[in-house]
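First up is the structure itself, then whatever we jot down about it.
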Amino acid sequence: MEAIGDALAILPGAPVAVRSADVEFIYRQDNDFYYLTGFAEPESIAMFAPGENDSFILFVRPRDKERETWTGRRAGIEGAMGQYGADKAYAIDEFQRVAARYFERAERIYYPLGVNERIDARMLEMVKSAAAMRPRVGSGPNALLDPREILHESRLHKHPEELETMRRAIAISAEAHVAAMRNARGGMMEWEIEALVDYNFRRRGAAGPSYPSIIASGPNASTLHYIHNDREMRAGELLLIDAGCEYDFYASDVTRTFPVGARFRPVQRDLYEIVLAAQLKAIETIRPGVKFDEPHEAALQVLVDGMCRVGLLKDGPEASIKNGSYRRYFMHRTSHWLGMDVHDVGLYRLGGQSRTLEPGMVLTAEPGIYIARDDDEAPEEFRGIGIRIEDDVLVTLDGHEVMTAAIPKSVADVESLTTTDRD
Ligand code: GLY
Ligand code: MN
Ligand code: MN
């Protein structure tokens, strides 16, 4: 609120999304809206008017006995004030009438276009008529501004309660990954492991996956966004699982790669150790004052050295980085912000430069090596292998904390799970 001064800020809730015909997707509130209000119901608008007596106003669906029989209880106007701390609340249908009074007094209005098109249209009408009145009234909106950059800077720096929620999400994801390592066997379908992961998420109260789970066995692991999850796995091949649950609107994002019901074969292990060393190196660099790009550069060097050593890259480390030939096997960046969104909000560059890490930021560290099954430039034994290791890392006051540290990733720890009760 401080950041917007005496302006008016209006935030729309997420629209309901149709899945097919008259079936809707399960409603998911917009993250910016939830971040500021904690209110998860559809058809909501929040208004912040720091200069007024009632500075937090919610427009919500009113209580309606008949409708609630079909779709469940609503907080209603009373609940918006009693439970969600609004100074004033109104029925959503009153938005235009009530907001018009605030518009008359506001010089600047913050509103994010493109989140909810129906409310965009109403806003446009209101701004137009308030602007038309401005010459006669002598006040009213003169500028429409986007609140997202202010909001997203705030979301990028996590509060202790947010970190608590993220830890909860991560603890649940840890159980899911461990269960997958213990249970994957040759002959199972990838979707069985997906179901196991989903079960582990839901049984602990997570909303579900925070992005479609990637359950990629054998050659599927070299397709970065493989989400079909419909192949039969074979014993001894690698299974890459990129899956993290969402808990109370906060995401986790974890990847582990392990041999199905077996120990690593020497070739798998060689590549796995390279990715692991790169990932550990990336994590080691994370601390306040370091550039966001630094973990990536550190991981890249280790990956490229390793890929040259095993004969995957032919040009030598320096040339491979310079001419970009490593991109054939490592085609993504090492990190992204993590928070309410899996690829969370917040700028990566400031003033044209990679920004500096600060305490409270959370980022992933996720290098990988991916060799397509039909890559005829790669030595044959490496073809069809995809490996990624991904952790969630908090920047602390004097270094970092690997929030996902409990999820096994050393060769010995992984093998102790993939071979338990079997060898
Ligand atoms: N799961 C998406 C990512 O790792 O970025
Ligand atoms: Mn990620
Ligand atoms: Mn991921």
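If you're wondering about the labels, chains in the structure tokens are A, B, ... by order shown, residues count from 1 in each chain, ligands from 1 in order shown.
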
At most 10 Å from ligand 2 (only C-alpha atoms and all ligand atoms): residue list as a PyMOL selection string: chain A and resi 211+242-244+252-255+333-338+342-344+363-367+389-392

Please give the complete set of residues from stretch 158-360 of chain A that DSSP, run on the backbone, assigns to alpha helix (DSSP H), formatted as JSON, numbers by chain. {"A": [160, 161, 162, 163, 164, 165, 166, 167, 168, 169, 170, 171, 172, 173, 174, 175, 176, 177, 178, 179, 180, 181, 182, 183, 190, 191, 192, 193, 194, 195, 196, 197, 198, 199, 200, 201, 202, 203, 266, 267, 268, 269, 270, 271, 272, 273, 274, 275, 276, 277, 278, 279, 280, 281, 282, 283, 284, 285, 293, 294, 295, 296, 297, 298, 299, 300, 301, 302, 303, 304, 305, 306, 307, 308, 309, 317, 318, 319, 320, 321, 322, 323]}

Exercise: A:Thr257 partners within 7 Å, only C-alpha atoms, chain neighbours under 3 positions left out, as number ranges by chain: A: 238-241, 387-389

Kindly export the residues of the current selection with C-alpha atoms, as a JSON list (two decimals), in the first residue's frame.
[["chain", "number", "residue", "atom", "x", "y", "z"],
["A", 238, "LEU", "CA", 16.58, -44.09, -15.91],
["A", 239, "LEU", "CA", 13.37, -42.42, -14.79],
["A", 240, "LEU", "CA", 13.33, -38.63, -14.64],
["A", 241, "ILE", "CA", 10.60, -37.24, -12.40],
["A", 387, "ILE", "CA", 19.19, -36.54, -16.51],
["A", 388, "ARG", "CA", 18.18, -33.50, -14.47],
["A", 389, "ILE", "CA", 18.57, -32.83, -10.78]]

Excluding stretch 64-77 of chain A and its own-chain neighbours fewer than 6 positions away, which residues fall within 9 Å of it when counting only C-alpha atoms? Please give them as an NGL selection string. :A and (41 or 58 or 83-84 or 88-91)

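Across the model, the gap from atom CA of A:Arg185 to atom CA of A:Asp374 is 25.1 Å.
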
Run DSSP on the backbone and give me the residues of stretch 5-57 of chain A it puts in strand (DSSP E or B), as an mmCIF file with N, CA and C atoms, in the first residue's frame.
data_model
loop_
_atom_site.group_PDB
_atom_site.id
_atom_site.type_symbol
_atom_site.label_atom_id
_atom_site.label_comp_id
_atom_site.auth_asym_id
_atom_site.auth_seq_id
_atom_site.Cartn_x
_atom_site.Cartn_y
_atom_site.Cartn_z
ATOM 1 N N LEU A 8 -5.301 4.836 -6.318
ATOM 2 C CA LEU A 8 -6.287 3.771 -6.104
ATOM 3 C C LEU A 8 -5.769 2.533 -6.830
ATOM 4 N N ALA A 9 -5.861 1.374 -6.169
ATOM 5 C CA ALA A 9 -5.436 0.144 -6.855
ATOM 6 C C ALA A 9 -6.611 -0.817 -6.908
ATOM 7 N N ILE A 10 -6.795 -1.399 -8.058
ATOM 8 C CA ILE A 10 -7.898 -2.351 -8.243
ATOM 9 C C ILE A 10 -7.325 -3.633 -8.806
ATOM 10 N N LEU A 11 -7.695 -4.723 -8.163
ATOM 11 C CA LEU A 11 -7.152 -6.019 -8.581
ATOM 12 C C LEU A 11 -8.302 -6.983 -8.857
ATOM 13 N N PRO A 12 -8.359 -7.538 -10.065
ATOM 14 C CA PRO A 12 -9.425 -8.488 -10.361
ATOM 15 C C PRO A 12 -9.034 -9.896 -9.921
ATOM 16 N N VAL A 18 -13.255 -22.455 -18.602
ATOM 17 C CA VAL A 18 -14.069 -23.582 -19.068
ATOM 18 C C VAL A 18 -13.156 -24.703 -19.562
ATOM 19 N N ARG A 19 -13.450 -25.920 -19.130
ATOM 20 C CA ARG A 19 -12.676 -27.074 -19.589
ATOM 21 C C ARG A 19 -13.255 -27.603 -20.888
ATOM 22 N N SER A 20 -14.577 -27.792 -20.884
ATOM 23 C CA SER A 20 -15.277 -28.242 -22.079
ATOM 24 C C SER A 20 -16.773 -28.112 -21.821
ATOM 25 N N VAL A 23 -18.510 -27.801 -18.361
ATOM 26 C CA VAL A 23 -17.621 -28.235 -17.274
ATOM 27 C C VAL A 23 -16.464 -27.247 -17.144
ATOM 28 N N GLU A 24 -16.287 -26.785 -15.911
ATOM 29 C CA GLU A 24 -15.213 -25.816 -15.668
ATOM 30 C C GLU A 24 -14.008 -26.492 -15.042
ATOM 31 N N ILE A 45 -13.330 -8.824 -6.716
ATOM 32 C CA ILE A 45 -12.453 -7.697 -7.058
ATOM 33 C C ILE A 45 -12.001 -7.074 -5.741
ATOM 34 N N ALA A 46 -10.725 -6.729 -5.673
ATOM 35 C CA ALA A 46 -10.213 -6.038 -4.480
ATOM 36 C C ALA A 46 -9.875 -4.604 -4.860
ATOM 37 N N MET A 47 -10.146 -3.707 -3.952
ATOM 38 C CA MET A 47 -9.806 -2.302 -4.197
ATOM 39 C C MET A 47 -9.027 -1.776 -2.983
ATOM 40 N N PHE A 48 -7.939 -1.097 -3.266
ATOM 41 C CA PHE A 48 -7.107 -0.539 -2.197
ATOM 42 C C PHE A 48 -7.064 0.976 -2.380
ATOM 43 N N PHE A 56 -9.344 -0.942 2.389
ATOM 44 C CA PHE A 56 -9.344 -2.276 1.765
ATOM 45 C C PHE A 56 -10.785 -2.696 1.551
ATOM 46 N N ILE A 57 -11.162 -2.764 0.279
ATOM 47 C CA ILE A 57 -12.555 -3.050 -0.057
ATOM 48 C C ILE A 57 -12.626 -4.292 -0.922
#

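Here the question is which of A:Val345, A:Met361, A:Ala251, A:Met403 gets nearest to ligand 3 using only C-alpha atoms and all ligand atoms, and that residue is A:Ala251.
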
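Between atom CA of A:Phe382 and atom CA of A:Pro266 the separation is 10.8 Å.
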